[in-house]
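Have a look at the structure below before the remarks.
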Amino acid sequence: MVDVDSEKWSEYAKNSSSPMKFVWRREGRTLLAFERWAARQFDLCTFVSTKERDRFGQLAPEADEYIDWVENGVDMVYFSPDRQYENPYRAGGPAIVFTGTMDYRPNVEAVTWFATEVMPLLRKRAGKYSPTFHIVGAKPARSVSELAQMPGVYVTGAVPDVRPYLAHADVAVAPLMIARGIQNKVLEAMALGRPVVASSAAFEGVRARPGLDVLVADGAVDTARAVDEVLDGKWGGLGAAARSTMLANYQWSSTLARLDAMLATNRDGQAPALGAVA
């Protein structure tokens, strides 16, 4: 299952006006009915976090006994800060980065908000530095591409490798207002030892310590303050702490061990067929 996708559409409905409010609400109800049906077709269904598993258990109590969770992992060798990457940033000044598929509505909303609401606050401090905001990801929506007309905002489109953009960023941001499951963009930036400023929604499901491994901020003023403090050097150990937490909690060897145990026995104490695991 990965996450409770029907909840995303229900959240869209809450933040929309008619007629789309009706459309999104109907989509949420229809998808939830399908999710509940699909869960009954398998011996075991997994979600990507305890939060998602518990939420589906509330929405589909008949499935509660045979749903579980397995977190994503990160390849700590592939996303290693010890690798050498050519700096992709040519604009000069501190680089702020957001990564993700850029035709996905939550990502579009996040970068639009950051560019229009947070960047002006940061650029008012241009006497100290002149930060740049880099939106890195494939398929940018037209509204995202148009953000590049703003001072200090750059839109790359698809890139062959996201790691150089993360490795050379001064801070990675994840200001999502709607987020399901667990945000790989947050995990990958932390694995590369970069300071991360994330919204409460983007941080949900991440096993890390706010204020020690990652900064959590909501609202333009608080987000700008958190980013400013990182760029000002007030959180010098944040990236290293993030990497250590990732090594402790998100290596594939440990996350897949949980899945191995699930495959060994199902709710009836019998080994399920591999094809029966969603």
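Quick note on naming: the chains in the structure tokens go A, B, ... in the order shown, residues restart at 1 in each chain, and ligands are numbered from 1 in order of appearance.
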
Using only C-alpha atoms, I'd like a table of the residues in range 188-246 of chain A that come within 7 Å of range 115-131 of chain A; for each, show the closest atom pair and its distance in Å rounded to one decimal, ordered by chain and ascending number, as CSV.
```
residue,atom,partner,partner_atom,distance
A:Ala220,CA,A:Val118,CA,5.2
A:Ala224,CA,A:Val118,CA,5.6
A:Asp228,CA,A:Leu122,CA,6.9
```

Subject >> Backbone-only DSSP, helix (DSSP H, G or I) members of range 136-185 of chain A, as a list in words >> reply: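 Here are the helix (DSSP H, G or I) residues of range 136-185 of chain A: Arg142, Ser143, Val144, Ser145, Glu146, Leu147, Ala148, Gln149, Arg163, Pro164, Tyr165, Leu166, Ala167, Asn184 and Lys185 of chain A.
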
**OP:** Just give me the gap between CA of Tyr89 in chain A and CA of Ser143 in chain A in Å, one decimal is fine.
**Re:** 22.3 Å

Test item, strand (DSSP E or B) assignment across range 15-174 of chain A, answer as a PDB file with N, CA and C atoms, in the first residue's frame:
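Resulting contents of selection-v6.pdb:
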```pdb
ATOM      1  N   LEU A  44      -1.169 -10.176   3.682  1.00  0.00           N
ATOM      2  CA  LEU A  44      -0.466  -9.152   4.453  1.00  0.00           C
ATOM      3  C   LEU A  44      -0.354  -7.894   3.616  1.00  0.00           C
ATOM      4  N   CYS A  45      -0.661  -6.762   4.180  1.00  0.00           N
ATOM      5  CA  CYS A  45      -0.488  -5.465   3.527  1.00  0.00           C
ATOM      6  C   CYS A  45       0.432  -4.612   4.390  1.00  0.00           C
ATOM      7  N   THR A  46       1.392  -3.980   3.759  1.00  0.00           N
ATOM      8  CA  THR A  46       2.340  -3.166   4.511  1.00  0.00           C
ATOM      9  C   THR A  46       2.226  -1.699   4.127  1.00  0.00           C
ATOM     10  N   PHE A  47       2.517  -0.848   5.100  1.00  0.00           N
ATOM     11  CA  PHE A  47       2.583   0.590   4.892  1.00  0.00           C
ATOM     12  C   PHE A  47       3.981   1.063   5.254  1.00  0.00           C
ATOM     13  N   ILE A  67      -2.487  -5.912   8.711  1.00  0.00           N
ATOM     14  CA  ILE A  67      -1.703  -4.832   8.119  1.00  0.00           C
ATOM     15  C   ILE A  67      -0.526  -4.535   9.041  1.00  0.00           C
ATOM     16  N   ASP A  68       0.569  -4.104   8.449  1.00  0.00           N
ATOM     17  CA  ASP A  68       1.778  -3.834   9.222  1.00  0.00           C
ATOM     18  C   ASP A  68       2.550  -2.731   8.522  1.00  0.00           C
ATOM     19  N   TRP A  69       3.755  -2.474   8.959  1.00  0.00           N
ATOM     20  CA  TRP A  69       4.543  -1.398   8.373  1.00  0.00           C
ATOM     21  C   TRP A  69       5.980  -1.842   8.160  1.00  0.00           C
ATOM     22  N   VAL A  74      17.585   3.768   2.977  1.00  0.00           N
ATOM     23  CA  VAL A  74      18.403   4.565   2.072  1.00  0.00           C
ATOM     24  C   VAL A  74      19.734   3.851   1.890  1.00  0.00           C
ATOM     25  N   ALA A  95      23.166  28.087  -1.248  1.00  0.00           N
ATOM     26  CA  ALA A  95      22.198  27.374  -2.084  1.00  0.00           C
ATOM     27  C   ALA A  95      21.188  26.638  -1.215  1.00  0.00           C
ATOM     28  N   ILE A  96      19.923  26.905  -1.464  1.00  0.00           N
ATOM     29  CA  ILE A  96      18.811  26.206  -0.823  1.00  0.00           C
ATOM     30  C   ILE A  96      18.200  25.296  -1.880  1.00  0.00           C
ATOM     31  N   VAL A  97      17.957  24.033  -1.546  1.00  0.00           N
ATOM     32  CA  VAL A  97      17.483  23.096  -2.565  1.00  0.00           C
ATOM     33  C   VAL A  97      16.209  22.391  -2.123  1.00  0.00           C
ATOM     34  N   PHE A  98      15.349  22.152  -3.097  1.00  0.00           N
ATOM     35  CA  PHE A  98      14.169  21.299  -2.941  1.00  0.00           C
ATOM     36  C   PHE A  98      14.232  20.280  -4.059  1.00  0.00           C
ATOM     37  N   THR A  99      14.055  18.997  -3.742  1.00  0.00           N
ATOM     38  CA  THR A  99      14.097  17.953  -4.760  1.00  0.00           C
ATOM     39  C   THR A  99      12.765  17.211  -4.808  1.00  0.00           C
ATOM     40  N   THR A 132      20.116  31.587  -2.863  1.00  0.00           N
ATOM     41  CA  THR A 132      19.426  31.163  -4.078  1.00  0.00           C
ATOM     42  C   THR A 132      18.628  29.903  -3.771  1.00  0.00           C
ATOM     43  N   PHE A 133      17.496  29.773  -4.433  1.00  0.00           N
ATOM     44  CA  PHE A 133      16.592  28.642  -4.229  1.00  0.00           C
ATOM     45  C   PHE A 133      16.557  27.827  -5.508  1.00  0.00           C
ATOM     46  N   HIS A 134      16.922  26.543  -5.401  1.00  0.00           N
ATOM     47  CA  HIS A 134      17.031  25.669  -6.565  1.00  0.00           C
ATOM     48  C   HIS A 134      15.980  24.571  -6.480  1.00  0.00           C
ATOM     49  N   ILE A 135      15.110  24.530  -7.471  1.00  0.00           N
ATOM     50  CA  ILE A 135      14.037  23.540  -7.554  1.00  0.00           C
ATOM     51  C   ILE A 135      14.500  22.463  -8.524  1.00  0.00           C
ATOM     52  N   VAL A 136      14.805  21.289  -7.988  1.00  0.00           N
ATOM     53  CA  VAL A 136      15.466  20.237  -8.766  1.00  0.00           C
ATOM     54  C   VAL A 136      14.525  19.051  -8.910  1.00  0.00           C
ATOM     55  N   VAL A 153      15.702  32.469  -7.878  1.00  0.00           N
ATOM     56  CA  VAL A 153      15.022  31.176  -7.987  1.00  0.00           C
ATOM     57  C   VAL A 153      15.438  30.505  -9.297  1.00  0.00           C
ATOM     58  N   TYR A 154      15.827  29.237  -9.217  1.00  0.00           N
ATOM     59  CA  TYR A 154      16.285  28.478 -10.378  1.00  0.00           C
ATOM     60  C   TYR A 154      15.520  27.162 -10.457  1.00  0.00           C
ATOM     61  N   VAL A 155      15.103  26.798 -11.657  1.00  0.00           N
ATOM     62  CA  VAL A 155      14.369  25.556 -11.898  1.00  0.00           C
ATOM     63  C   VAL A 155      15.186  24.723 -12.875  1.00  0.00           C
ATOM     64  N   THR A 156      15.640  23.552 -12.450  1.00  0.00           N
ATOM     65  CA  THR A 156      16.549  22.759 -13.279  1.00  0.00           C
ATOM     66  C   THR A 156      15.837  21.836 -14.252  1.00  0.00           C
ATOM     67  N   GLY A 157      14.630  21.395 -13.938  1.00  0.00           N
ATOM     68  CA  GLY A 157      14.053  20.283 -14.674  1.00  0.00           C
ATOM     69  C   GLY A 157      14.761  18.997 -14.286  1.00  0.00           C
ATOM     70  N   VAL A 171      21.500  24.064   2.547  1.00  0.00           N
ATOM     71  CA  VAL A 171      20.360  23.565   3.307  1.00  0.00           C
ATOM     72  C   VAL A 171      19.345  22.992   2.323  1.00  0.00           C
ATOM     73  N   ALA A 172      18.735  21.875   2.704  1.00  0.00           N
ATOM     74  CA  ALA A 172      17.639  21.285   1.927  1.00  0.00           C
ATOM     75  C   ALA A 172      16.335  21.598   2.642  1.00  0.00           C
ATOM     76  N   VAL A 173      15.314  21.944   1.873  1.00  0.00           N
ATOM     77  CA  VAL A 173      14.027  22.289   2.478  1.00  0.00           C
ATOM     78  C   VAL A 173      12.943  21.350   1.969  1.00  0.00           C
ATOM     79  N   ALA A 174      11.967  21.106   2.828  1.00  0.00           N
ATOM     80  CA  ALA A 174      10.804  20.278   2.482  1.00  0.00           C
ATOM     81  C   ALA A 174       9.569  20.914   3.115  1.00  0.00           C
TER      82      ALA A 174
END
```

Subject >> Using only C-alpha atoms: which of A:Asp43, A:Asp3, A:Glu65, A:Asp82 has the shortest distance to Ala240 in chain A >> reply: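 Under the stated criterion, the closest residue is A:Asp82.
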
Original post:
Closest to Pro210 in chain A among A:Asn107, A:Thr112, A:Thr255, A:Thr245, using only C-alpha atoms?
Top reply: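 Ranked by minimum distance to Pro210 in chain A, first place goes to A:Thr245.
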
Original post:
Expressed in Å to a single decimal, how great is the separation between CA of Asp5 in chain A and CA of Leu256 in chain A?
Top reply: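 These atoms are spaced 22.9 Å apart.
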
Original post:
What is the CA of Tyr165 in chain A-CA of Pro88 in chain A distance in Å, reported with one decimal?
Top reply: 6.3 Å

Subject >> Residue neighbourhood Arg207 in chain A, 12 Å, only C-alpha atoms, exclusion window fewer than 5 positions, as a PyMOL selection string >> reply: chain A and resi 49-51+71-73+182-183+186-187+190+202+212-214+242+244-250

**OP:** Pick out the residues sitting within 9 Å of Ala189 in chain A, and hand them over as a list of chain:residue names; count only C-alpha atoms, and ignore anything fewer than 6 positions along from it in its own chain.
**Re:**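 Selected residues are A:Phe79, A:Arg163, A:Leu166, A:Ala167, A:Val171, A:Ala172, A:Pro195, A:Val196, A:Gly239, A:Ala242, A:Arg243.
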
Original post:
Which residue, A:Gly237, A:Arg258, A:Phe114, A:Pro160, has the smallest gap to Thr223 in chain A when you use only C-alpha atoms?
Top reply: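 Of A:Gly237, A:Arg258, A:Phe114, A:Pro160, the one nearest Thr223 in chain A is A:Phe114, counting only C-alpha atoms.
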
**OP:** For range 137-142 of chain A, work out the shell of residues within 6 Å, counting only C-alpha atoms and skipping chain neighbours fewer than 3 positions away, then give it as JSON, numbers by chain.
**Re:** {"A": [99, 100, 101, 102, 103, 145, 157, 158]}

Put those residues in a file: C-alpha atoms, as a PDB file, in the first residue's frame.
```
ATOM      1  CA  THR A  99      14.097  17.953  -4.760  1.00  0.00           C
ATOM      2  CA  GLY A 100      11.176  15.992  -6.156  1.00  0.00           C
ATOM      3  CA  THR A 101       8.954  15.329  -9.150  1.00  0.00           C
ATOM      4  CA  MET A 102       7.731  18.766 -10.029  1.00  0.00           C
ATOM      5  CA  ASP A 103       4.329  18.028 -11.538  1.00  0.00           C
ATOM      6  CA  SER A 145       8.914  26.929 -14.431  1.00  0.00           C
ATOM      7  CA  GLY A 157      14.053  20.283 -14.674  1.00  0.00           C
ATOM      8  CA  ALA A 158      15.270  16.686 -14.850  1.00  0.00           C
TER       9      ALA A 158
END
```
